[in-house]
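Asks: Handing over data-v2.cif, mmCIF, C-alpha atoms and all ligand atoms.
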```
data_protein
#
loop_
_atom_site.label_atom_id
_atom_site.label_comp_id
_atom_site.auth_asym_id
_atom_site.auth_seq_id
_atom_site.Cartn_x
_atom_site.Cartn_y
_atom_site.Cartn_z
CA MET Q 156 -25.53 33.20 17.22
CA TYR Q 157 -23.35 31.67 14.55
CA THR Q 158 -22.82 28.40 16.29
CA GLN Q 159 -25.41 25.86 17.27
CA SER Q 160 -27.56 27.14 20.09
CA PHE Q 161 -28.05 23.74 21.70
CA SER Q 162 -25.49 21.03 22.07
CA VAL Q 163 -26.16 17.56 20.77
CA PRO Q 164 -24.38 14.94 22.89
CA ASP Q 165 -22.13 12.63 20.95
CA GLU Q 166 -23.72 9.44 22.22
CA GLY Q 167 -24.57 7.85 18.92
CA ASP Q 168 -28.19 8.00 20.11
CA LYS Q 169 -30.07 10.32 17.77
CA GLN Q 170 -33.35 10.13 19.71
CA ALA Q 171 -31.62 11.21 22.93
CA ALA Q 172 -29.94 14.03 21.04
CA LEU Q 173 -33.26 15.37 19.72
CA LYS Q 174 -34.58 15.70 23.27
CA THR Q 175 -32.05 18.45 24.00
CA VAL Q 176 -34.28 21.01 22.20
CA PRO Q 177 -35.96 23.04 24.98
CA LYS Q 178 -39.57 22.10 25.63
CA PRO Q 179 -42.20 24.83 25.12
CA GLN Q 180 -43.21 26.63 28.31
CA SER Q 181 -46.89 27.52 28.07
CA ALA Q 182 -49.98 25.68 26.78
CA ALA Q 183 -50.23 28.23 23.93
CA GLU Q 184 -46.62 27.57 22.96
CA ALA Q 185 -47.18 23.84 23.20
CA GLU Q 186 -50.03 24.21 20.70
CA LEU Q 187 -47.81 26.26 18.37
CA GLN Q 188 -45.05 23.69 18.67
CA LYS Q 189 -47.55 20.93 17.90
CA ARG Q 190 -48.70 22.71 14.72
CA PHE Q 191 -45.10 23.35 13.70
CA ASP Q 192 -44.21 19.67 14.19
CA GLU Q 193 -47.29 18.57 12.24
CA ARG Q 194 -46.35 20.81 9.34
CA ILE Q 195 -42.80 19.48 9.32
CA ASP Q 196 -44.07 15.90 9.50
CA ALA Q 197 -46.41 16.57 6.56
CA ASP Q 198 -43.43 17.93 4.60
CA GLY Q 199 -44.97 21.42 4.53
CA ARG Q 200 -43.15 24.74 4.33
CA ILE Q 201 -42.45 27.15 7.20
CA GLU Q 202 -42.73 30.81 6.17
CA PRO Q 203 -41.20 33.91 7.87
CA ARG Q 204 -44.36 34.93 9.75
CA ASP Q 205 -45.09 31.43 11.02
CA TRP Q 206 -44.27 30.52 14.59
CA MET Q 207 -41.09 28.48 14.81
CA PRO Q 208 -38.96 27.16 17.68
CA GLU Q 209 -36.02 29.46 18.48
CA ALA Q 210 -33.56 26.62 17.87
CA TYR Q 211 -34.98 26.11 14.35
CA ARG Q 212 -34.59 29.84 13.66
CA LYS Q 213 -31.01 29.88 14.96
CA THR Q 214 -30.04 26.80 13.00
CA LEU Q 215 -31.33 28.38 9.81
CA VAL Q 216 -29.56 31.69 10.49
CA ARG Q 217 -26.36 29.73 11.10
CA GLN Q 218 -26.60 27.66 7.95
CA ILE Q 219 -27.99 30.28 5.56
CA SER Q 220 -25.57 33.02 6.67
CA GLN Q 221 -22.62 30.62 6.39
CA HIS Q 222 -23.85 29.64 2.98
CA ALA Q 223 -24.09 33.34 1.97
CA HIS Q 224 -20.59 33.99 3.30
CA SER Q 225 -19.31 31.03 1.24
CA GLU Q 226 -20.79 32.51 -1.91
CA ILE Q 227 -19.19 35.92 -1.48
CA VAL Q 228 -15.84 34.63 -0.23
CA GLY Q 229 -16.09 32.12 -3.09
CA MET Q 230 -15.89 35.03 -5.54
CA LEU Q 231 -12.27 35.67 -4.54
CA PRO Q 232 -10.33 32.62 -5.82
CA GLU Q 233 -11.91 32.99 -9.27
CA GLY Q 234 -11.93 36.80 -9.25
CA ASN Q 235 -8.18 36.45 -9.01
CA TRP Q 236 -8.09 35.11 -12.60
CA ILE Q 237 -10.44 37.53 -14.40
CA SER Q 238 -7.58 39.74 -15.56
CA ARG Q 239 -5.59 36.71 -16.73
CA ALA Q 240 -8.28 34.77 -18.62
CA PRO Q 241 -6.80 33.37 -21.85
CA SER Q 242 -9.47 34.79 -24.21
CA LEU Q 243 -12.32 37.31 -24.32
CA LYS Q 244 -14.84 34.44 -24.29
CA ARG Q 245 -13.34 32.88 -21.14
CA LYS Q 246 -13.11 36.30 -19.48
CA ALA Q 247 -16.79 37.06 -20.18
CA ILE Q 248 -17.83 33.65 -18.81
CA LEU Q 249 -15.69 34.06 -15.70
CA ILE Q 250 -17.00 37.57 -14.99
CA ALA Q 251 -20.58 36.30 -15.35
CA LYS Q 252 -19.88 33.38 -13.02
CA VAL Q 253 -18.24 35.49 -10.32
CA GLN Q 254 -21.13 37.96 -10.55
CA ASP Q 255 -23.60 35.09 -10.15
CA GLU Q 256 -21.85 34.01 -6.95
CA GLY Q 257 -22.27 37.55 -5.60
CA GLY Q 258 -25.97 37.35 -6.51
CA HIS Q 259 -26.29 34.03 -4.67
CA GLY Q 260 -24.81 35.67 -1.59
CA LEU Q 261 -27.43 38.43 -1.84
CA TYR Q 262 -30.42 36.05 -2.20
CA LEU Q 263 -29.12 34.12 0.79
CA TYR Q 264 -28.51 37.16 3.01
CA SER Q 265 -32.06 38.25 2.14
CA ALA Q 266 -33.42 34.81 3.04
CA ALA Q 267 -31.57 34.92 6.39
CA GLU Q 268 -32.88 38.46 7.08
CA THR Q 269 -36.46 37.10 6.99
CA LEU Q 270 -35.50 35.24 10.19
CA GLY Q 271 -34.96 38.52 12.02
CA THR Q 272 -31.22 38.94 11.82
CA SER Q 273 -29.66 41.93 10.08
CA ARG Q 274 -27.13 41.84 7.27
CA ASP Q 275 -24.78 43.92 9.43
CA GLN Q 276 -24.92 41.28 12.17
CA MET Q 277 -24.16 38.54 9.68
CA LEU Q 278 -21.28 40.46 8.11
CA ASP Q 279 -19.88 41.24 11.56
CA GLY Q 280 -19.83 37.49 12.18
CA LEU Q 281 -17.87 36.92 8.98
CA HIS Q 282 -15.46 39.82 9.38
CA SER Q 283 -14.65 39.03 12.99
CA GLY Q 284 -13.86 35.42 12.07
CA LYS Q 285 -16.72 34.06 14.22
CA ALA Q 286 -18.84 32.79 11.34
CA LYS Q 287 -17.74 29.92 9.15
CA TYR Q 288 -17.67 29.74 5.38
CA SER Q 289 -16.83 26.83 3.12
CA SER Q 290 -13.40 25.33 3.69
CA ILE Q 291 -12.80 25.03 -0.06
CA PHE Q 292 -12.23 28.76 -0.55
CA ASN Q 293 -9.18 28.80 1.70
CA TYR Q 294 -6.94 27.26 -0.94
CA PRO Q 295 -5.04 29.21 -3.59
CA THR Q 296 -5.85 29.22 -7.31
CA LEU Q 297 -2.46 28.61 -8.89
CA SER Q 298 -3.19 28.13 -12.60
CA TRP Q 299 -5.87 28.77 -15.22
CA ALA Q 300 -6.82 25.10 -14.97
CA ASP Q 301 -7.99 25.81 -11.40
CA MET Q 302 -10.84 27.85 -12.96
CA GLY Q 303 -12.04 24.81 -14.86
CA VAL Q 304 -11.61 22.52 -11.88
CA ILE Q 305 -13.49 24.87 -9.55
CA GLY Q 306 -16.39 24.86 -12.02
CA TRP Q 307 -16.34 21.11 -12.51
CA LEU Q 308 -15.62 19.89 -8.98
CA VAL Q 309 -16.39 22.75 -6.56
CA ASP Q 310 -19.63 23.77 -8.29
CA GLY Q 311 -20.35 20.09 -8.89
CA ALA Q 312 -20.08 19.41 -5.15
CA ALA Q 313 -22.06 22.57 -4.36
CA ILE Q 314 -24.93 21.49 -6.65
CA MET Q 315 -24.98 17.99 -5.17
CA ASN Q 316 -25.41 19.54 -1.72
CA GLN Q 317 -27.84 22.28 -2.82
CA ILE Q 318 -30.38 20.33 -4.89
CA PRO Q 319 -31.84 18.71 -1.74
CA LEU Q 320 -31.93 22.20 -0.15
CA CYS Q 321 -34.55 23.20 -2.78
CA ARG Q 322 -36.86 20.99 -0.68
CA CYS Q 323 -35.77 22.49 2.64
CA SER Q 324 -38.62 23.16 5.07
CA TYR Q 325 -37.94 26.92 5.28
CA GLY Q 326 -39.67 28.54 2.29
CA PRO Q 327 -37.36 31.52 1.54
CA TYR Q 328 -34.24 29.30 1.66
CA ALA Q 329 -35.79 26.61 -0.52
CA ARG Q 330 -36.95 29.15 -3.12
CA ALA Q 331 -33.55 30.88 -3.23
CA MET Q 332 -31.95 27.50 -3.83
CA VAL Q 333 -34.01 26.80 -6.95
CA ARG Q 334 -32.48 29.75 -8.78
CA VAL Q 335 -29.03 29.19 -7.29
CA CYS Q 336 -29.01 25.57 -8.53
CA LYS Q 337 -29.95 26.59 -12.07
CA GLU Q 338 -27.03 29.01 -12.16
CA GLU Q 339 -24.64 26.56 -10.51
CA SER Q 340 -25.40 24.05 -13.18
CA PHE Q 341 -24.21 26.54 -15.84
CA HIS Q 342 -21.11 27.08 -13.69
CA GLN Q 343 -20.39 23.39 -13.53
CA ARG Q 344 -20.77 22.90 -17.27
CA GLN Q 345 -18.62 25.86 -18.24
CA GLY Q 346 -15.83 24.49 -16.01
CA TYR Q 347 -16.06 21.02 -17.49
CA GLU Q 348 -16.12 22.41 -21.03
CA ALA Q 349 -13.04 24.56 -20.36
CA LEU Q 350 -11.22 21.46 -19.11
CA LEU Q 351 -12.28 19.39 -22.13
CA VAL Q 352 -10.74 22.06 -24.39
CA MET Q 353 -7.51 22.09 -22.37
CA MET Q 354 -7.29 18.30 -22.42
CA LYS Q 355 -7.38 18.43 -26.22
CA GLY Q 356 -4.55 20.99 -26.20
CA SER Q 357 -0.86 20.64 -25.50
CA GLN Q 358 0.88 18.25 -23.09
CA ALA Q 359 1.59 21.23 -20.83
CA GLN Q 360 -2.14 22.05 -20.71
CA ARG Q 361 -3.04 18.46 -19.87
CA GLU Q 362 -0.48 18.44 -17.07
CA MET Q 363 -1.87 21.71 -15.74
CA VAL Q 364 -5.38 20.19 -15.59
CA GLN Q 365 -4.11 17.04 -13.85
CA ASP Q 366 -2.21 19.13 -11.32
CA ALA Q 367 -5.34 21.18 -10.53
CA VAL Q 368 -7.42 18.00 -10.13
CA ASN Q 369 -4.75 16.55 -7.80
CA ARG Q 370 -4.84 19.66 -5.62
CA TYR Q 371 -8.63 20.03 -5.47
CA TRP Q 372 -10.04 16.48 -5.35
CA TRP Q 373 -9.70 15.75 -1.64
CA LYS Q 374 -10.69 19.29 -0.63
CA CYS Q 375 -13.92 18.90 -2.62
CA LEU Q 376 -14.76 15.64 -0.83
CA ALA Q 377 -14.32 17.46 2.50
CA MET Q 378 -16.73 20.23 1.39
CA PHE Q 379 -19.69 17.98 2.28
CA GLY Q 380 -18.80 18.31 5.95
CA PRO Q 381 -17.61 15.85 8.59
CA PRO Q 382 -18.59 12.16 8.48
CA ASP Q 383 -22.17 11.58 9.66
CA ALA Q 384 -20.93 10.09 12.93
CA ASP Q 385 -19.06 13.34 13.71
CA SER Q 386 -21.69 15.79 12.42
CA PRO Q 387 -23.34 17.42 15.46
CA ASN Q 388 -26.02 19.28 13.49
CA SER Q 389 -27.22 16.49 11.22
CA ALA Q 390 -29.78 14.71 13.38
CA GLN Q 391 -31.77 17.82 14.24
CA GLY Q 392 -31.36 19.35 10.77
CA THR Q 393 -32.80 16.18 9.27
CA ARG Q 394 -35.65 16.06 11.77
CA TRP Q 395 -36.58 19.62 10.79
CA GLY Q 396 -36.47 18.93 7.06
CA ILE Q 397 -33.55 21.31 6.54
CA LYS Q 398 -31.14 18.54 5.68
CA ARG Q 399 -32.58 15.90 3.35
CA ILE Q 400 -29.50 13.82 2.56
CA SER Q 401 -26.61 13.19 4.96
CA ASN Q 402 -23.05 14.48 4.50
CA ASP Q 403 -21.68 10.99 3.75
CA ASP Q 404 -24.50 10.08 1.35
CA LEU Q 405 -24.00 13.29 -0.62
CA ARG Q 406 -20.25 12.71 -0.70
CA GLN Q 407 -20.83 9.21 -2.09
CA LYS Q 408 -23.25 10.53 -4.73
CA PHE Q 409 -20.63 13.07 -5.75
CA VAL Q 410 -17.90 10.44 -6.08
CA ASP Q 411 -20.19 8.13 -8.08
CA ALA Q 412 -21.18 10.94 -10.46
CA THR Q 413 -17.67 12.33 -10.88
CA VAL Q 414 -15.62 9.20 -11.62
CA PRO Q 415 -17.19 8.66 -15.09
CA GLN Q 416 -16.78 12.39 -15.86
CA ALA Q 417 -13.06 12.10 -15.03
CA GLU Q 418 -12.79 9.14 -17.41
CA VAL Q 419 -14.37 11.14 -20.27
CA LEU Q 420 -12.04 14.03 -19.51
CA GLY Q 421 -8.99 11.77 -19.42
CA VAL Q 422 -7.73 12.75 -15.96
CA SER Q 423 -7.01 10.46 -13.05
CA LEU Q 424 -8.40 11.11 -9.58
CA PRO Q 425 -5.62 11.08 -6.98
CA ASP Q 426 -6.88 8.20 -4.86
CA PRO Q 427 -5.32 4.72 -5.10
CA ASP Q 428 -8.26 3.29 -3.11
CA LEU Q 429 -10.89 4.56 -5.57
CA LYS Q 430 -12.59 1.53 -7.11
CA TRP Q 431 -16.06 0.27 -7.98
CA ASN Q 432 -17.60 -1.92 -5.30
CA GLU Q 433 -20.04 -4.27 -6.98
CA ALA Q 434 -21.66 -5.36 -3.71
CA ARG Q 435 -22.40 -1.78 -2.59
CA GLY Q 436 -23.16 -0.48 -6.06
CA HIS Q 437 -20.89 2.51 -5.34
CA TYR Q 438 -17.27 3.57 -5.67
CA ASP Q 439 -15.11 3.00 -2.59
CA TYR Q 440 -12.73 5.84 -1.85
CA GLY Q 441 -9.79 6.46 0.48
CA ALA Q 442 -9.53 8.29 3.80
CA ILE Q 443 -10.12 12.05 3.90
CA ASP Q 444 -7.70 14.11 5.99
CA TRP Q 445 -10.13 15.45 8.60
CA ASP Q 446 -7.35 17.03 10.65
CA GLU Q 447 -6.55 19.27 7.70
CA PHE Q 448 -10.27 20.03 7.25
CA TRP Q 449 -10.66 21.19 10.85
CA GLN Q 450 -7.46 23.23 10.67
CA VAL Q 451 -8.90 25.07 7.67
CA VAL Q 452 -12.39 25.45 9.19
CA ASN Q 453 -10.80 26.87 12.34
CA GLY Q 454 -8.98 29.58 10.41
CA HIS Q 455 -5.59 28.00 9.74
CA GLY Q 456 -5.79 27.15 6.04
CA PRO Q 457 -3.34 28.51 3.47
CA MET Q 458 -5.60 31.41 2.43
CA ASN Q 459 -7.89 32.09 5.45
CA ARG Q 460 -6.17 35.30 6.48
CA GLU Q 461 -5.94 36.70 2.98
CA ARG Q 462 -9.58 35.86 2.16
CA LEU Q 463 -10.87 37.59 5.29
CA ALA Q 464 -8.59 40.60 4.87
CA THR Q 465 -9.80 41.03 1.27
CA ARG Q 466 -13.47 40.81 2.33
CA VAL Q 467 -13.00 43.30 5.18
CA LYS Q 468 -11.20 45.74 2.85
CA ALA Q 469 -13.94 45.44 0.20
CA HIS Q 470 -16.56 46.13 2.88
CA ASP Q 471 -14.66 49.14 4.24
CA ASP Q 472 -14.03 50.50 0.75
CA GLY Q 473 -17.76 50.29 0.06
CA ALA Q 474 -18.74 52.33 3.14
CA TRP Q 475 -19.24 55.50 1.06
CA VAL Q 476 -21.79 53.70 -1.15
CA ARG Q 477 -23.81 52.59 1.88
CA ASP Q 478 -23.55 56.11 3.39
CA ALA Q 479 -24.69 57.67 0.10
CA ALA Q 480 -27.66 55.29 -0.11
CA VAL Q 481 -28.71 56.15 3.47
CA ALA Q 482 -28.33 59.90 2.78
CA HIS Q 483 -30.43 59.54 -0.38
CA ALA Q 484 -33.14 57.60 1.46
CA ASP Q 485 -33.17 60.28 4.22
CA LYS Q 486 -33.56 63.04 1.63
CA GLN Q 487 -36.43 61.22 -0.04
CA LYS Q 488 -38.11 60.76 3.35
CA GLN Q 489 -37.73 64.49 4.14
CA ARG Q 490 -39.16 65.42 0.73
CA ALA Q 491 -42.13 63.10 1.23
CA LEU Q 492 -42.78 64.59 4.69
CA LYS Q 493 -42.59 68.15 3.28
CA SER Q 494 -45.00 67.47 0.44
CA ALA Q 495 -47.42 65.69 2.84
CA ALA Q 496 -47.36 68.71 5.23
N1 LIG O 501 -16.53 24.28 5.47
O1 LIG O 501 -22.74 19.19 11.83
P1 LIG O 501 -22.25 19.57 10.47
C1 LIG O 501 -20.44 27.08 -3.12
C2 LIG O 501 -19.01 23.05 9.78
S1 LIG O 501 -21.39 27.16 -1.74
C3 LIG O 501 -16.62 24.96 6.62
O2 LIG O 501 -22.24 18.51 9.45
P2 LIG O 501 -24.30 21.01 9.03
C4 LIG O 501 -20.84 27.92 -4.29
C5 LIG O 501 -20.50 23.27 10.04
O3 LIG O 501 -20.90 24.57 9.66
C6 LIG O 501 -20.56 26.13 -0.56
N2 LIG O 501 -17.35 24.52 7.69
O4 LIG O 501 -23.03 20.89 9.97
C7 LIG O 501 -19.65 28.37 -5.02
C8 LIG O 501 -20.57 23.01 11.52
O5 LIG O 501 -20.10 24.13 12.26
P3 LIG O 501 -21.11 25.09 13.14
C9 LIG O 501 -21.20 26.26 0.76
C10 LIG O 501 -17.99 23.35 7.54
O6 LIG O 501 -24.66 22.45 8.96
C11 LIG O 501 -19.00 27.52 -5.88
C12 LIG O 501 -19.53 21.93 11.74
O7 LIG O 501 -18.67 21.98 10.61
N3 LIG O 501 -22.43 25.51 0.78
O8 LIG O 501 -19.51 26.36 -3.08
C13 LIG O 501 -17.96 22.61 6.35
O9 LIG O 501 -25.36 20.04 9.43
C14 LIG O 501 -17.87 27.97 -6.58
C15 LIG O 501 -20.15 20.55 11.86
O10 LIG O 501 -20.77 20.15 10.60
C16 LIG O 501 -23.27 25.58 1.82
O11 LIG O 501 -23.02 26.29 2.78
C17 LIG O 501 -17.18 23.11 5.29
N4 LIG O 501 -17.05 22.47 4.09
O12 LIG O 501 -23.76 20.54 7.60
C18 LIG O 501 -19.21 29.67 -4.88
C19 LIG O 501 -24.53 24.76 1.70
N5 LIG O 501 -18.72 21.49 6.51
O13 LIG O 501 -21.93 25.85 12.14
C20 LIG O 501 -18.08 30.13 -5.58
C21 LIG O 501 -25.43 24.90 2.89
C22 LIG O 501 -19.20 21.55 7.78
O14 LIG O 501 -21.96 24.17 13.98
C23 LIG O 501 -17.42 29.26 -6.44
N6 LIG O 501 -24.91 24.27 4.07
N7 LIG O 501 -18.76 22.65 8.39
O15 LIG O 501 -20.21 25.98 13.93
C24 LIG O 501 -25.04 22.94 4.33
O16 LIG O 501 -25.60 22.19 3.56
C25 LIG O 501 -24.53 22.44 5.65
O17 LIG O 501 -24.36 23.55 6.53
C26 LIG O 501 -23.19 21.64 5.54
C27 LIG O 501 -22.73 21.27 6.95
C28 LIG O 501 -23.40 20.36 4.74
C29 LIG O 501 -22.09 22.50 4.89
#
```
How would this structure read if it were set down as structure tokens?
Ligand code: FAQ

Replies:
Amino acid sequence: MYTQSFSVPDEGDKQAALKTVPKPQSAAEAELQKRFDERIDADGRIEPRDWMPEAYRKTLVRQISQHAHSEIVGMLPEGNWISRAPSLKRKAILIAKVQDEGGHGLYLYSAAETLGTSRDQMLDGLHSGKAKYSSIFNYPTLSWADMGVIGWLVDGAAIMNQIPLCRCSYGPYARAMVRVCKEESFHQRQGYEALLVMMKGSQAQREMVQDAVNRYWWKCLAMFGPPDADSPNSAQGTRWGIKRISNDDLRQKFVDATVPQAEVLGVSLPDPDLKWNEARGHYDYGAIDWDEFWQVVNGHGPMNRERLATRVKAHDDGAWVRDAAVAHADKQKQRALKSAA
């Protein structure tokens, strides 16, 4: 259930690819499909109780659950620095940010549950290694500057990708994204501000920031997903109004927005091919290492094992809380039955 339920042939022919969605069987289903298509074409919203094609449902469960997993696994690299924050102010900000990411995971699991999948099923997918989560969280956080760079670049990339999702065709996902984006924008600014302070500090601090930028830049570009030509889910996701802007277009927007921010900060971006292209009206940038990306996505990044092991342990350690909540709910039910009798 965590991978695409229908395969899109890599023929470079998007129309042919769209035809792989199974056709409705009965006249009643054909009518429902027609209404669904009309609503999508009119840029309307699909809500949990509306009829929807199974492939649309599965695609949303795949994307929303992976997004939720990314948020909660994304708590780990920064959580690692809470006890080592350089001041009370930075510690309070970091705790708030990490808590927000946990909250984002919860809104997203709830949104995915409206599609008829349980949280346990989704977590099983994550813990067994079947479900994906964002590649970016499989890298270590080596210095305090990584906290600033994650805010500036990782949250910056996340916002770039998530703003169009506020207009996604599935109502609960789109609504969750509105709040998530507001919070992410605070995350991005706090990271940038922390870096500005460090860049005005000592030479050692400036070098620490540059080192963090060097390590994270290319990984952030890969966060947007494979190039459009190698993105099997894009054509159908776009047709269904889930995806509004393509992986490559979002990546380009991110580069264009980030280069001037790097100049203000006084850091260089580690790409000798990065330069303004007057004819395109965009920055050109160098080649992304897609082999490394797929290695990481397939579980072989520097921190994949540790991230999953930490998540599984946290889940197991929390079993008593879930058991206590179930026992409490059972007691309340018994009491209600007794007083009704
Ligand atoms: N990492 O055909 P496409 C955050 C997979 S939240 C791992 O292009 P699609 C907040 C993809 O799933 C960051 N896997 O797929 C935060 C698919 O595999 P599948 C997460 C990736 O869905 C900040 C295969 O490659 N954001 O950072 C990645 O059309 C700081 C082929 O790809 C979201 O999840 C990747 N980077 O487009 C937290 C946003 N990219 O499933 C803490 C919602 C691609 O077929 C601290 N998701 N893959 O087996 C999306 O917008 C889309 O799912 C994309 C991928 C754009 C990620």

Asks: Give me, please, the distance in Å between atom CA of Q:Leu424 and atom CA of Q:Gln365, quoted to one decimal.

Replies: 8.5 Å

Asks: To one decimal place, how far is atom C4 of ligand LIG 501 (chain O) from atom CA of Q:Tyr371 in Å?

Replies: 14.6 Å

Asks: Got a sec to check which residues lie within 7 Å of ligand LIG 501 (chain O), using only C-alpha atoms and all ligand atoms, and send them as a PyMOL selection string?

Replies: chain Q and resi 157-159+217-219+221-222+225-226+229-230+256+287-291+305-306+309-310+313+316-317+377-381+383+386-389+392+398+402+452

Asks: Write out as CSV a residue-level contact list of stretch 389-492 of chain Q versus stretch 339-350 of chain Q with cut-off 12 Å: for each qualifying residue the closest pair of atoms and the distance in Å to one decimal, counting all atoms listed in the file, rows sorted by chain and residue number upward.

Replies:
```
residue,atom,partner,partner_atom,distance
Q:Thr413,CA,Q:Tyr347,CA,11.0
Q:Gln416,CA,Q:Tyr347,CA,8.8
Q:Ala417,CA,Q:Tyr347,CA,9.7
Q:Val419,CA,Q:Tyr347,CA,10.4
Q:Leu420,CA,Q:Leu350,CA,7.5
Q:Gly421,CA,Q:Leu350,CA,9.9
Q:Val422,CA,Q:Leu350,CA,9.9
```

Asks: Give me the residues within 12 Å of Q:Gly257 as a PDB file with C-alpha atoms, keeping the file's coordinate frame, counting all atoms listed in the file and dropping any in the same chain fewer than 5 places off.

Replies:
```
ATOM      1  CA  HIS Q 222     -23.850  29.640   2.980  1.00  0.00           C
ATOM      2  CA  ALA Q 223     -24.090  33.340   1.970  1.00  0.00           C
ATOM      3  CA  HIS Q 224     -20.590  33.990   3.300  1.00  0.00           C
ATOM      4  CA  SER Q 225     -19.310  31.030   1.240  1.00  0.00           C
ATOM      5  CA  GLU Q 226     -20.790  32.510  -1.910  1.00  0.00           C
ATOM      6  CA  ILE Q 227     -19.190  35.920  -1.480  1.00  0.00           C
ATOM      7  CA  VAL Q 228     -15.840  34.630  -0.230  1.00  0.00           C
ATOM      8  CA  GLY Q 229     -16.090  32.120  -3.090  1.00  0.00           C
ATOM      9  CA  MET Q 230     -15.890  35.030  -5.540  1.00  0.00           C
ATOM     10  CA  LEU Q 231     -12.270  35.670  -4.540  1.00  0.00           C
ATOM     11  CA  GLU Q 233     -11.910  32.990  -9.270  1.00  0.00           C
ATOM     12  CA  GLY Q 234     -11.930  36.800  -9.250  1.00  0.00           C
ATOM     13  CA  ILE Q 250     -17.000  37.570 -14.990  1.00  0.00           C
ATOM     14  CA  ALA Q 251     -20.580  36.300 -15.350  1.00  0.00           C
ATOM     15  CA  LYS Q 252     -19.880  33.380 -13.020  1.00  0.00           C
ATOM     16  CA  TYR Q 262     -30.420  36.050  -2.200  1.00  0.00           C
ATOM     17  CA  LEU Q 263     -29.120  34.120   0.790  1.00  0.00           C
ATOM     18  CA  TYR Q 264     -28.510  37.160   3.010  1.00  0.00           C
ATOM     19  CA  VAL Q 335     -29.030  29.190  -7.290  1.00  0.00           C
ATOM     20  CA  GLU Q 338     -27.030  29.010 -12.160  1.00  0.00           C
TER      21      GLU Q 338
END
```

Asks: When you draw a straight line from atom CA of Q:Ala197 to atom CA of Q:Leu320, how long is it in Å?

Replies: 16.9 Å

Asks: Enclose the full set of atoms of stretch 393-409 of chain Q listed in the file within a box whose edges lie along x, y and z, apply 6 Å of padding to each of the six sides, and report centre and edge lengths in Å to one decimal as JSON.

Replies:
```
{"center_x": -28.4, "center_y": 15.3, "center_z": 3.0, "size_x": 28.3, "size_y": 24.1, "size_z": 29.5}
```

Asks: Which residues are close to Q:Cys323, i.e. within 8 Å by all atoms listed in the file, leaving aside same-chain residues fewer than 6 positions away? Reply as a list in words.

Replies: Arg200, Ala329, Gly396, Ile397, Lys398 and Arg399 of chain Q

Asks: Pick from Q:Pro208, Q:Gly436, Q:Gly303, Q:Pro382: nearest to Q:Gln180, with all atoms listed in the file counted?

Replies: Q:Pro208

Asks: Name all residues at most 10 Å from stretch 182-194 of chain Q (count all atoms listed in the file; drop same-chain ones fewer than 4 positions away) and give them as a ChimeraX atom specification.

Replies: /Q:178,198-201,205-208,324,394-395

Asks: Output C-alpha atoms of each residue in that selection to a file, as a PDB file, in the coordinates of the input.

Replies:
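Result saved to part39.pdb:
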```pdb
ATOM      1  CA  LYS Q 178     -39.570  22.100  25.630  1.00  0.00           C
ATOM      2  CA  ASP Q 198     -43.430  17.930   4.600  1.00  0.00           C
ATOM      3  CA  GLY Q 199     -44.970  21.420   4.530  1.00  0.00           C
ATOM      4  CA  ARG Q 200     -43.150  24.740   4.330  1.00  0.00           C
ATOM      5  CA  ILE Q 201     -42.450  27.150   7.200  1.00  0.00           C
ATOM      6  CA  ASP Q 205     -45.090  31.430  11.020  1.00  0.00           C
ATOM      7  CA  TRP Q 206     -44.270  30.520  14.590  1.00  0.00           C
ATOM      8  CA  MET Q 207     -41.090  28.480  14.810  1.00  0.00           C
ATOM      9  CA  PRO Q 208     -38.960  27.160  17.680  1.00  0.00           C
ATOM     10  CA  SER Q 324     -38.620  23.160   5.070  1.00  0.00           C
ATOM     11  CA  ARG Q 394     -35.650  16.060  11.770  1.00  0.00           C
ATOM     12  CA  TRP Q 395     -36.580  19.620  10.790  1.00  0.00           C
TER      13      TRP Q 395
END
```

Asks: Which one of Q:Tyr294, Q:Ser220, Q:Ser283, Q:Arg212 sits closest to Q:Val451 if you count all atoms listed in the file?

Replies: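 The closest residue to Q:Val451 is Q:Tyr294.
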
Asks: Quick one: residues within 8 Å of Q:Gln407, only C-alpha atoms counted, chain neighbours fewer than 3 positions away excluded, as a list in words?

Replies: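 Counting only the stated atoms, we get Asp403, Asp404, Val410, Asp411, His437 and Tyr438 of chain Q.
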
Asks: List the spatial neighbours of Q:Pro241 as a list of chain:residue names - criterion: any atom at most 12 Å away, only C-alpha atoms, same-chain residues fewer than 3 positions off excluded.

Replies: Q:Trp236, Q:Ile237, Q:Ser238, Q:Lys244, Q:Arg245, Q:Lys246, Q:Ala247, Q:Ile248, Q:Leu249, Q:Ser298, Q:Trp299, Q:Ala300, Q:Met302, Q:Ala349, Q:Met353

Asks: Counting all atoms listed in the file, figure out which residue out of Q:Gln487, Q:Ala240, Q:Asn453, Q:Leu376 gets nearest to Q:Gly441.

Replies: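 Between Q:Gln487, Q:Ala240, Q:Asn453, Q:Leu376, the residue approaching Q:Gly441 most closely is Q:Leu376.
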
Asks: Of the residues Q:Glu362, Q:Glu268, Q:Asp446, Q:Glu202, which is the one nearest to Q:Ser423, using all atoms listed in the file?

Replies: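 Once distances to Q:Ser423 are computed over all atoms listed in the file, the minimum belongs to Q:Glu362.
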
Asks: Could you tell me which of Q:Ala482, Q:Leu429, Q:Leu463, Q:Leu270 comes closest to Q:Lys285 if we count only C-alpha atoms?

Replies: Q:Leu463
